[in-house]
Amino acid sequence: MSGLAVAAPEQTPEHPTAASRRRRRGSYRWSARAFSLPAVLVVAVLLYLPFLWTTWISFTEYNGLGSPSWVGLDNYRDMFADPNFTTSLRNTLIWVVGTITVPVSLGLLIAVLSHGMRFGSWFRLPFLIPYAISGVAVGVVWRFVLQNGGGLSQALDALGLPGADSRWLLDAPMNTLVMIGAAAWQQTGVNALLFVIGLQSIPREPIEAAKLDGASGWRMFRHMHWPMLRPLTTVVVGLSLVASLKTFDIIWVMTKGGPGRNSETLAVTMYEETFVTSAYGAGSAVAVFLTVVTFIAAITYLRRQLSTERTV
Amino acid sequence: MRLRYSGAVAALAASALVLAACGGDGDDEAAEAPGTVAFYTDKAAWEPQFLEVSDVSESSLGLGLDFTGYSDADQYSAFIRQAFRTDEKPELFTWHTGSELEDLVAEGLVAPTTDIWQAAIDNGDVPEAMREYFTVGEDQYCVPMNAAYWVMYYNKAIFDEHGLAEPTSWAELMTAADTLLAAGVTPFYETNILFSFVWFQTLLAGTDPELYNALSSGEASYTDPGVVEVMNQWRGMLEAGYFGDPGDQTTPQDQLKNGTVAMINFGTFLSGQLNSVDMVSGTDYDFFIIPNVNAELPQTSLIFETGPMCTAEEAENRDTALQYADWWMSEEAQTAWANARGDVSFNPKALVNDEQLAALNEEASAESYLLLERYFEATPVPVLAAALDGFSAFVTNPGDPMPILETIQAEADAYWSSQG
């Protein structure tokens with residue numbers, strides 16, 4: 001900048017000329033492009049190209065060896081006709097509903113209860129710790145707890161409570177529900193943290209005004225906190241929605257999608273088709289379907305929420 | 001000027017990053033050190049045993065193994081398939097016989113080993129009967145990495161406690177199971193992951209071995225009355241409480257040691273796993289060949305498995321790798337391997353230290369036994385995947401087998417029709 005500043009007074013002491021402004025803008029644009037080039041290349045090479053390749057493979061029959069052979073829409077036709085795909089789709093929907101309702105509402109509850117509370121951060125800490133654990137480790141721990149004769153069964157048996165003989169991970173849809181519980185155990189803390197940030201960012205004035213008007217408790221939350229939390233709720237629900245659609249690790253570790261594929265989600269079906277049966281075309285068709293569903297769900301949800309916020 | 005300069009620096013840095021990412025590391029591209037063969041396997045847990053044999057080959061052949069193990073079979077399969085598309089084709093790698101080997105041969109990816117096989121057979125290092133499992137078209141491909149028979153392991157203390165002897169007929173086996181059941185002991189191990197096919201294999205091979213083979217080759221249907229009957233027999237056993245909890249993820253060796261189950265229908269590689277939990281062969285555990293369900297059969301069906309060790313046709317050190325494969329079949333290599341693993345060997349000349357395994361090695365080659373390839377290798381991959389899912393559901397919730405059999409058959413129809 002100093003170089004330009006020294007050169008400029010010779011031409012126009014008061015204002016830079018249009019030509020020099022264009023030069024500055026042009027050179028700024030080029031340097032901006034150059035700085036963003038590595039990131040663009042990384043995204044193109046690691047995201048766009050693999051997606052285009054996956055889309056191409058989904059129209060072929062390919063076992064990972066030799067050359068893919070074009071089969072048109074056959075993989076998609078087979079996918080929609082496969083009863084395992086229907087089960088997988090049903091389980092994915094259960095995951096979406098479960099992940100959006102349980103960890104989000106629990107996170108909100110913990111945030112509201114601890115907000116303004118003395119030692120509130122200490123109250124939230126135990127809920128946050130599981131988020132530091134990887135999904136695979138969470139799956140391993142909960143598998144020990146929930147397997148037949150595992151920690152939960154032993155505890156129920158020792159306490160003389162019913163359910164000690166329940167086959168938590170074997171029977172559908174119970175296995176999906178308990179795995180959602182395990183995922184909620186991990187996810188609730190971070191949702192609570194996000195909601196606390198939202199609560200702390202609410203301006204004091206309208207809250208104090210509402211207090212003066214006699215609002216408190218549930219009415220205060222319903223009419224003041226909740227509407228003002230809407231932007232953050234949009235983010236939390238949006239993140240949960242996308243995370244639930246691509247759930248894989250915890251299921252793979254706890255049940256491998258079984259027994260008999262009864263706890264599979266779309267992400268597990270994609271893995272199963274691609275890497276277990278080496279049907280890369282069929283697996284890619286599921287991957288493309290999942291990507292399109294996730295994209296549409298996320299865009300639709302965010303558009304609706306953001307347009308509602310603007311009207312509010 | 002500074003903006004232009006900074007733009008140029010950014011472009012240069014970006015180019016450098018891209019070049020660095022695309023360029024290879026000099027060390028990585030260095031040729032394999034002389035005297036080693038790059039070896040890949042999905043049996044990562046067997047690394048100590050492979051390295052034990054590698055020590056022997058280093059002194060006798062001047063070649064050792066550069067070991068890379070995968071613990072996840074699916075990831076390993078994907079890795080090997082992708083490796084063929086790179087310049088680093090696998091020199092020596094473990095694989096599967098059956099349709100998986102045929103897939104590699106169809107693309108011309110594996111080196112033929114016909115000469116190595118002929119020499120080994122002539123030298124008495126491998127039974128002629130094993131050749132067919134490594135034959136695709138006219139040629140042989142790969143060499144056997146190992147061999148195992150599927151037998152019934154039992155906890156000797158439990159058998160002694162209940163006055164049981166090794167059964168010599170199916171009726172005796174069922175009587176032993178009933179005795180154990182009455183005493184509150186679970187007779188047999190069962191699982192709903194991966195090895196869920198084992199009892200289907202045993203019951204069908206012991207009832208109708210021709211149907212067993214016909215099912216594997218697509219000449220019979222999963223809905224044939226013989227298969228349905230076997231499934232119903234299995235269902236009866238499941239409902240009678242003969243099997244342990246299929247959802248119990250305790251290892252089979254621990255289940256046998258702890259007395260959770262009295263018997264385990266398993267491959268002879270279980271010996272090594274039992275030894276690893278301090279059970280002593282012949283003292284704490286033993287095994288017997290599972291009698292036929294159908295006593296009228298002229299030969300006793302004995303399931304065996306063998307995993308191939310292959311070399312990529314275009315591997316950089318193809319000839320060296322084939323030299324190692326040739327040595328692997330020798331008496332010296334197989335003696336080292338069988339004793340390191342605590343398992344049998346395909347080489348009849350191998351000196352197996354474990355007396356029970358050595359006796360089985362000898363006994364299995366007798367005329368009175370009919371060797372049948374394990375269901376896992378004998379069944380094409382897409383059909384196997386459907387079958388494993390179906391059997392897994394069946395052992396978890398025994399019921400009408402027909403829906404499961406129809407699902408497997410639909411997959412089999414699709415597969416065999418695609419094979420022309």
# chains A, B, ... in the order shown; residues from 1 in each chain; ligands from 1

$ select_by_dssp --residues "stretch 211-404 of chain B" --states "strand (DSSP E or B)" --output "ChimeraX atom specification"
/B:243,261-267,281,285-288,300-310,312,369-373

$ write_last_selection --atoms "N, CA and C atoms" --output "PDB file, in the first residue's frame"
ATOM      1  N   PHE B 243     -28.284 -73.755  21.348  1.00  0.00           N
ATOM      2  CA  PHE B 243     -27.220 -72.796  21.020  1.00  0.00           C
ATOM      3  C   PHE B 243     -27.128 -71.667  22.042  1.00  0.00           C
ATOM      4  N   VAL B 261     -20.311 -72.151  26.775  1.00  0.00           N
ATOM      5  CA  VAL B 261     -20.790 -73.219  25.895  1.00  0.00           C
ATOM      6  C   VAL B 261     -19.841 -74.406  26.067  1.00  0.00           C
ATOM      7  N   ALA B 262     -20.359 -75.607  25.727  1.00  0.00           N
ATOM      8  CA  ALA B 262     -19.519 -76.804  25.886  1.00  0.00           C
ATOM      9  C   ALA B 262     -18.790 -77.153  24.602  1.00  0.00           C
ATOM     10  N   MET B 263     -19.382 -76.771  23.448  1.00  0.00           N
ATOM     11  CA  MET B 263     -18.799 -77.139  22.149  1.00  0.00           C
ATOM     12  C   MET B 263     -18.835 -75.962  21.187  1.00  0.00           C
ATOM     13  N   ILE B 264     -17.836 -75.925  20.302  1.00  0.00           N
ATOM     14  CA  ILE B 264     -17.791 -74.890  19.279  1.00  0.00           C
ATOM     15  C   ILE B 264     -17.465 -75.532  17.935  1.00  0.00           C
ATOM     16  N   ASN B 265     -18.355 -75.334  16.979  1.00  0.00           N
ATOM     17  CA  ASN B 265     -18.154 -75.795  15.611  1.00  0.00           C
ATOM     18  C   ASN B 265     -17.295 -74.741  14.919  1.00  0.00           C
ATOM     19  N   PHE B 266     -16.005 -75.046  14.702  1.00  0.00           N
ATOM     20  CA  PHE B 266     -15.085 -73.990  14.262  1.00  0.00           C
ATOM     21  C   PHE B 266     -13.934 -74.558  13.439  1.00  0.00           C
ATOM     22  N   GLY B 267     -13.213 -73.645  12.767  1.00  0.00           N
ATOM     23  CA  GLY B 267     -12.029 -74.032  12.001  1.00  0.00           C
ATOM     24  C   GLY B 267     -10.878 -74.355  12.944  1.00  0.00           C
ATOM     25  N   SER B 281      -4.075 -77.961  24.625  1.00  0.00           N
ATOM     26  CA  SER B 281      -4.628 -78.960  23.715  1.00  0.00           C
ATOM     27  C   SER B 281      -4.510 -80.360  24.324  1.00  0.00           C
ATOM     28  N   TYR B 285      -8.879 -78.781  26.233  1.00  0.00           N
ATOM     29  CA  TYR B 285      -9.812 -78.863  25.106  1.00  0.00           C
ATOM     30  C   TYR B 285      -9.354 -79.947  24.136  1.00  0.00           C
ATOM     31  N   ASP B 286     -10.278 -80.365  23.331  1.00  0.00           N
ATOM     32  CA  ASP B 286      -9.984 -81.317  22.260  1.00  0.00           C
ATOM     33  C   ASP B 286     -11.013 -81.092  21.167  1.00  0.00           C
ATOM     34  N   PHE B 287     -10.938 -81.874  20.113  1.00  0.00           N
ATOM     35  CA  PHE B 287     -11.946 -81.728  19.064  1.00  0.00           C
ATOM     36  C   PHE B 287     -12.222 -83.077  18.432  1.00  0.00           C
ATOM     37  N   PHE B 288     -13.352 -83.160  17.739  1.00  0.00           N
ATOM     38  CA  PHE B 288     -13.678 -84.378  16.976  1.00  0.00           C
ATOM     39  C   PHE B 288     -14.299 -83.977  15.646  1.00  0.00           C
ATOM     40  N   THR B 300     -17.730 -89.404   5.396  1.00  0.00           N
ATOM     41  CA  THR B 300     -18.046 -88.326   6.347  1.00  0.00           C
ATOM     42  C   THR B 300     -17.665 -86.979   5.719  1.00  0.00           C
ATOM     43  N   SER B 301     -18.622 -86.089   5.660  1.00  0.00           N
ATOM     44  CA  SER B 301     -18.339 -84.755   5.091  1.00  0.00           C
ATOM     45  C   SER B 301     -17.428 -83.977   6.038  1.00  0.00           C
ATOM     46  N   LEU B 302     -16.352 -83.463   5.487  1.00  0.00           N
ATOM     47  CA  LEU B 302     -15.416 -82.672   6.298  1.00  0.00           C
ATOM     48  C   LEU B 302     -15.173 -81.346   5.572  1.00  0.00           C
ATOM     49  N   ILE B 303     -15.583 -80.273   6.217  1.00  0.00           N
ATOM     50  CA  ILE B 303     -15.434 -78.944   5.609  1.00  0.00           C
ATOM     51  C   ILE B 303     -13.988 -78.481   5.762  1.00  0.00           C
ATOM     52  N   PHE B 304     -13.440 -77.982   4.683  1.00  0.00           N
ATOM     53  CA  PHE B 304     -12.094 -77.407   4.794  1.00  0.00           C
ATOM     54  C   PHE B 304     -12.087 -76.042   4.121  1.00  0.00           C
ATOM     55  N   GLU B 305     -11.155 -75.240   4.524  1.00  0.00           N
ATOM     56  CA  GLU B 305     -10.985 -73.928   3.895  1.00  0.00           C
ATOM     57  C   GLU B 305      -9.523 -73.704   3.596  1.00  0.00           C
ATOM     58  N   THR B 306      -9.292 -72.962   2.574  1.00  0.00           N
ATOM     59  CA  THR B 306      -7.916 -72.580   2.278  1.00  0.00           C
ATOM     60  C   THR B 306      -7.927 -71.171   1.717  1.00  0.00           C
ATOM     61  N   GLY B 307      -7.002 -70.374   2.164  1.00  0.00           N
ATOM     62  CA  GLY B 307      -6.924 -68.990   1.691  1.00  0.00           C
ATOM     63  C   GLY B 307      -5.722 -68.836   0.790  1.00  0.00           C
ATOM     64  N   PRO B 308      -5.901 -68.234  -0.386  1.00  0.00           N
ATOM     65  CA  PRO B 308      -4.769 -68.108  -1.291  1.00  0.00           C
ATOM     66  C   PRO B 308      -3.824 -66.949  -0.969  1.00  0.00           C
ATOM     67  N   MET B 309      -2.591 -67.133  -1.395  1.00  0.00           N
ATOM     68  CA  MET B 309      -1.586 -66.065  -1.335  1.00  0.00           C
ATOM     69  C   MET B 309      -1.213 -65.790  -2.796  1.00  0.00           C
ATOM     70  N   CYS B 310      -1.480 -64.573  -3.249  1.00  0.00           N
ATOM     71  CA  CYS B 310      -1.385 -64.280  -4.680  1.00  0.00           C
ATOM     72  C   CYS B 310      -0.303 -63.246  -4.982  1.00  0.00           C
ATOM     73  N   ALA B 312       0.466 -60.106  -7.910  1.00  0.00           N
ATOM     74  CA  ALA B 312      -0.077 -59.335  -9.037  1.00  0.00           C
ATOM     75  C   ALA B 312       0.767 -59.595 -10.277  1.00  0.00           C
ATOM     76  N   TYR B 369     -13.288 -89.841   4.173  1.00  0.00           N
ATOM     77  CA  TYR B 369     -13.727 -88.445   4.329  1.00  0.00           C
ATOM     78  C   TYR B 369     -13.932 -87.767   2.982  1.00  0.00           C
ATOM     79  N   LEU B 370     -14.989 -86.998   2.913  1.00  0.00           N
ATOM     80  CA  LEU B 370     -15.278 -86.203   1.716  1.00  0.00           C
ATOM     81  C   LEU B 370     -15.004 -84.742   2.049  1.00  0.00           C
ATOM     82  N   LEU B 371     -13.958 -84.192   1.424  1.00  0.00           N
ATOM     83  CA  LEU B 371     -13.618 -82.798   1.706  1.00  0.00           C
ATOM     84  C   LEU B 371     -14.537 -81.866   0.917  1.00  0.00           C
ATOM     85  N   LEU B 372     -15.139 -80.923   1.611  1.00  0.00           N
ATOM     86  CA  LEU B 372     -16.034 -79.953   0.982  1.00  0.00           C
ATOM     87  C   LEU B 372     -15.542 -78.549   1.308  1.00  0.00           C
ATOM     88  N   GLU B 373     -15.515 -77.721   0.288  1.00  0.00           N
ATOM     89  CA  GLU B 373     -15.026 -76.355   0.487  1.00  0.00           C
ATOM     90  C   GLU B 373     -15.966 -75.565   1.399  1.00  0.00           C
TER      91      GLU B 373
END

$ closest_atom_pairs --of "chain A" --to "chain B" --cutoff "7 Å" --atoms "only C-alpha atoms" --output "CSV"
residue,atom,partner,partner_atom,distance
A:Met1,CA,B:Arg2,CA,6.2
A:Gly3,CA,B:Met1,CA,6.1
A:Leu4,CA,B:Met1,CA,6.6
A:Ser27,CA,B:Arg4,CA,5.9
A:Tyr28,CA,B:Leu3,CA,6.4
A:Trp30,CA,B:Gly7,CA,6.4
A:Ser31,CA,B:Gly7,CA,3.8
A:Ala34,CA,B:Ala11,CA,4.9
A:Phe35,CA,B:Ala10,CA,5.3
A:Leu37,CA,B:Ala14,CA,6.5
A:Pro38,CA,B:Ala14,CA,5.4
A:Gly64,CA,B:Arg81,CA,5.6
A:Leu65,CA,B:Arg81,CA,6.0
A:Gly66,CA,B:Glu107,CA,5.9
A:Gln147,CA,B:Gly247,CA,6.8
A:Asn148,CA,B:Asp248,CA,5.9
A:Pro259,CA,B:Ala393,CA,5.2
A:Gly260,CA,B:Asp389,CA,4.2
A:Arg261,CA,B:Asp389,CA,6.4
A:Phe275,CA,B:Asp74,CA,5.5
A:Val276,CA,B:Asp74,CA,5.5
A:Thr277,CA,B:Pro382,CA,5.7

$ write_last_selection --atoms "C-alpha atoms" --output "PDB file, in the first residue's frame"
ATOM      1  CA  MET A   1       0.000   0.000   0.000  1.00  0.00           C
ATOM      2  CA  GLY A   3       4.262   2.071  -2.671  1.00  0.00           C
ATOM      3  CA  LEU A   4       0.965   3.072  -4.218  1.00  0.00           C
ATOM      4  CA  SER A  27      -4.663  -6.357  -8.694  1.00  0.00           C
ATOM      5  CA  TYR A  28      -6.636  -6.881  -5.471  1.00  0.00           C
ATOM      6  CA  TRP A  30      -5.993 -11.247  -8.688  1.00  0.00           C
ATOM      7  CA  SER A  31      -4.299 -11.579  -5.327  1.00  0.00           C
ATOM      8  CA  ALA A  34      -4.436 -16.454  -5.885  1.00  0.00           C
ATOM      9  CA  PHE A  35      -4.936 -16.701  -2.127  1.00  0.00           C
ATOM     10  CA  LEU A  37      -6.693 -20.942  -5.221  1.00  0.00           C
ATOM     11  CA  PRO A  38      -5.329 -23.617  -2.821  1.00  0.00           C
ATOM     12  CA  GLY A  64     -13.567 -52.229  -8.334  1.00  0.00           C
ATOM     13  CA  LEU A  65     -11.536 -54.168 -10.899  1.00  0.00           C
ATOM     14  CA  GLY A  66     -11.237 -53.567 -14.618  1.00  0.00           C
ATOM     15  CA  GLN A 147     -25.250 -56.164  24.363  1.00  0.00           C
ATOM     16  CA  ASN A 148     -27.050 -59.223  25.672  1.00  0.00           C
ATOM     17  CA  PRO A 259     -28.855 -58.496  12.566  1.00  0.00           C
ATOM     18  CA  GLY A 260     -30.123 -59.266   9.091  1.00  0.00           C
ATOM     19  CA  ARG A 261     -29.688 -55.591   8.025  1.00  0.00           C
ATOM     20  CA  PHE A 275     -17.224 -52.401   0.405  1.00  0.00           C
ATOM     21  CA  VAL A 276     -18.821 -55.633   1.628  1.00  0.00           C
ATOM     22  CA  THR A 277     -20.334 -56.890  -1.627  1.00  0.00           C
TER      23      THR A 277
END

$ atom_distance --atom1 "atom CA of B:Ala183" --atom2 "atom CA of B:Leu274"
24.5 Å

$ closest_residue --among "B:Ala129, B:Val277, B:Ala165, B:Gly244" --to "B:Thr191" --atoms "only C-alpha atoms"
B:Gly244

$ residues_around --residues "stretch 345-357 of chain B" --least-positions-apart "2" --cutoff "7 Å" --atoms "only C-alpha atoms" --output "ChimeraX atom specification"
/B:125-126,146-147,331,334-335,338-339,343,359-361

$ write_last_selection --atoms "C-alpha atoms" --output "JSON list (two decimals), in the first residue's frame"
[["chain", "number", "residue", "atom", "x", "y", "z"],
["B", 125, "ASP", "CA", 4.04, -80.77, -0.96],
["B", 126, "VAL", "CA", 0.34, -80.37, -1.66],
["B", 146, "ASN", "CA", -3.13, -71.89, 4.89],
["B", 147, "ALA", "CA", -5.59, -74.71, 5.33],
["B", 331, "GLU", "CA", 7.85, -78.60, 3.98],
["B", 334, "GLN", "CA", 4.71, -75.18, 6.27],
["B", 335, "THR", "CA", 6.27, -76.74, 9.34],
["B", 338, "ALA", "CA", 1.62, -74.63, 11.14],
["B", 339, "ASN", "CA", 3.51, -74.57, 14.44],
["B", 343, "ASP", "CA", -2.98, -75.12, 13.05],
["B", 359, "ALA", "CA", -3.58, -86.77, 13.71],
["B", 360, "LEU", "CA", -6.33, -84.80, 12.00],
["B", 361, "ASN", "CA", -3.95, -83.80, 9.19]]

$ residues_around --residues "B:Ser59" --least-positions-apart "6" --cutoff "12 Å" --atoms "only C-alpha atoms" --output "PyMOL selection string"
chain B and resi 35+52-53+332-333

$ write_last_selection --atoms "C-alpha atoms" --output "compact mmCIF listing (two decimals), in the first residue's frame"
# COMPACT_ATOMS: atom_id res chain seq x y z
CA GLY B 35 15.68 -59.31 0.19
CA GLU B 52 8.13 -65.93 12.63
CA VAL B 53 8.00 -67.64 9.24
CA GLU B 332 10.17 -76.17 5.75
CA ALA B 333 7.82 -73.21 5.38

$ select_by_dssp --residues "stretch 91-231 of chain A" --states "alpha helix (DSSP H)" --output "PyMOL selection string"
chain A and resi 91-114+120-128+135-146+151-158+174-200+204-212+217-220+226-228+230-231

$ atom_distance --atom1 "atom CA of B:Ser169" --atom2 "atom CA of B:Pro127"
27.8 Å

$ atom_distance --atom1 "atom CA of A:Leu170" --atom2 "atom CA of A:Pro83"
18.8 Å

$ decode --residues "stretch 131-164 of chain B" --atoms "C-alpha atoms" --output "PDB file, in the first residue's frame"
ATOM      1  CA  ARG B 131      -5.507 -77.875  -7.102  1.00  0.00           C
ATOM      2  CA  GLU B 132      -9.087 -77.404  -8.342  1.00  0.00           C
ATOM      3  CA  TYR B 133      -9.764 -74.626  -5.829  1.00  0.00           C
ATOM      4  CA  PHE B 134      -6.921 -72.596  -7.318  1.00  0.00           C
ATOM      5  CA  THR B 135      -7.774 -73.365 -10.933  1.00  0.00           C
ATOM      6  CA  VAL B 136      -9.514 -70.875 -13.185  1.00  0.00           C
ATOM      7  CA  GLY B 137      -9.810 -72.070 -16.770  1.00  0.00           C
ATOM      8  CA  GLU B 138      -6.742 -74.174 -17.540  1.00  0.00           C
ATOM      9  CA  ASP B 139      -4.283 -72.563 -15.145  1.00  0.00           C
ATOM     10  CA  GLN B 140      -3.626 -72.328 -11.454  1.00  0.00           C
ATOM     11  CA  TYR B 141      -3.365 -68.973  -9.704  1.00  0.00           C
ATOM     12  CA  CYS B 142      -1.924 -68.149  -6.272  1.00  0.00           C
ATOM     13  CA  VAL B 143      -0.723 -70.724  -3.749  1.00  0.00           C
ATOM     14  CA  PRO B 144      -2.468 -71.868  -0.565  1.00  0.00           C
ATOM     15  CA  MET B 145      -1.592 -69.577   2.327  1.00  0.00           C
ATOM     16  CA  ASN B 146      -3.134 -71.893   4.894  1.00  0.00           C
ATOM     17  CA  ALA B 147      -5.592 -74.713   5.331  1.00  0.00           C
ATOM     18  CA  ALA B 148      -8.063 -75.455   8.081  1.00  0.00           C
ATOM     19  CA  TYR B 149     -10.677 -78.091   8.744  1.00  0.00           C
ATOM     20  CA  TRP B 150     -13.979 -77.349  10.453  1.00  0.00           C
ATOM     21  CA  VAL B 151     -14.425 -79.624  13.454  1.00  0.00           C
ATOM     22  CA  MET B 152     -16.178 -79.621  16.827  1.00  0.00           C
ATOM     23  CA  TYR B 153     -14.089 -78.280  19.701  1.00  0.00           C
ATOM     24  CA  TYR B 154     -15.168 -79.174  23.198  1.00  0.00           C
ATOM     25  CA  ASN B 155     -14.304 -78.291  26.775  1.00  0.00           C
ATOM     26  CA  LYS B 156     -12.841 -81.469  28.246  1.00  0.00           C
ATOM     27  CA  ALA B 157     -13.663 -80.596  31.832  1.00  0.00           C
ATOM     28  CA  ILE B 158     -17.360 -80.189  30.980  1.00  0.00           C
ATOM     29  CA  PHE B 159     -17.421 -83.444  29.020  1.00  0.00           C
ATOM     30  CA  ASP B 160     -15.717 -85.262  31.912  1.00  0.00           C
ATOM     31  CA  GLU B 161     -18.056 -83.723  34.469  1.00  0.00           C
ATOM     32  CA  HIS B 162     -21.094 -85.023  32.608  1.00  0.00           C
ATOM     33  CA  GLY B 163     -19.579 -88.368  31.644  1.00  0.00           C
ATOM     34  CA  LEU B 164     -19.575 -87.625  27.925  1.00  0.00           C
TER      35      LEU B 164
END
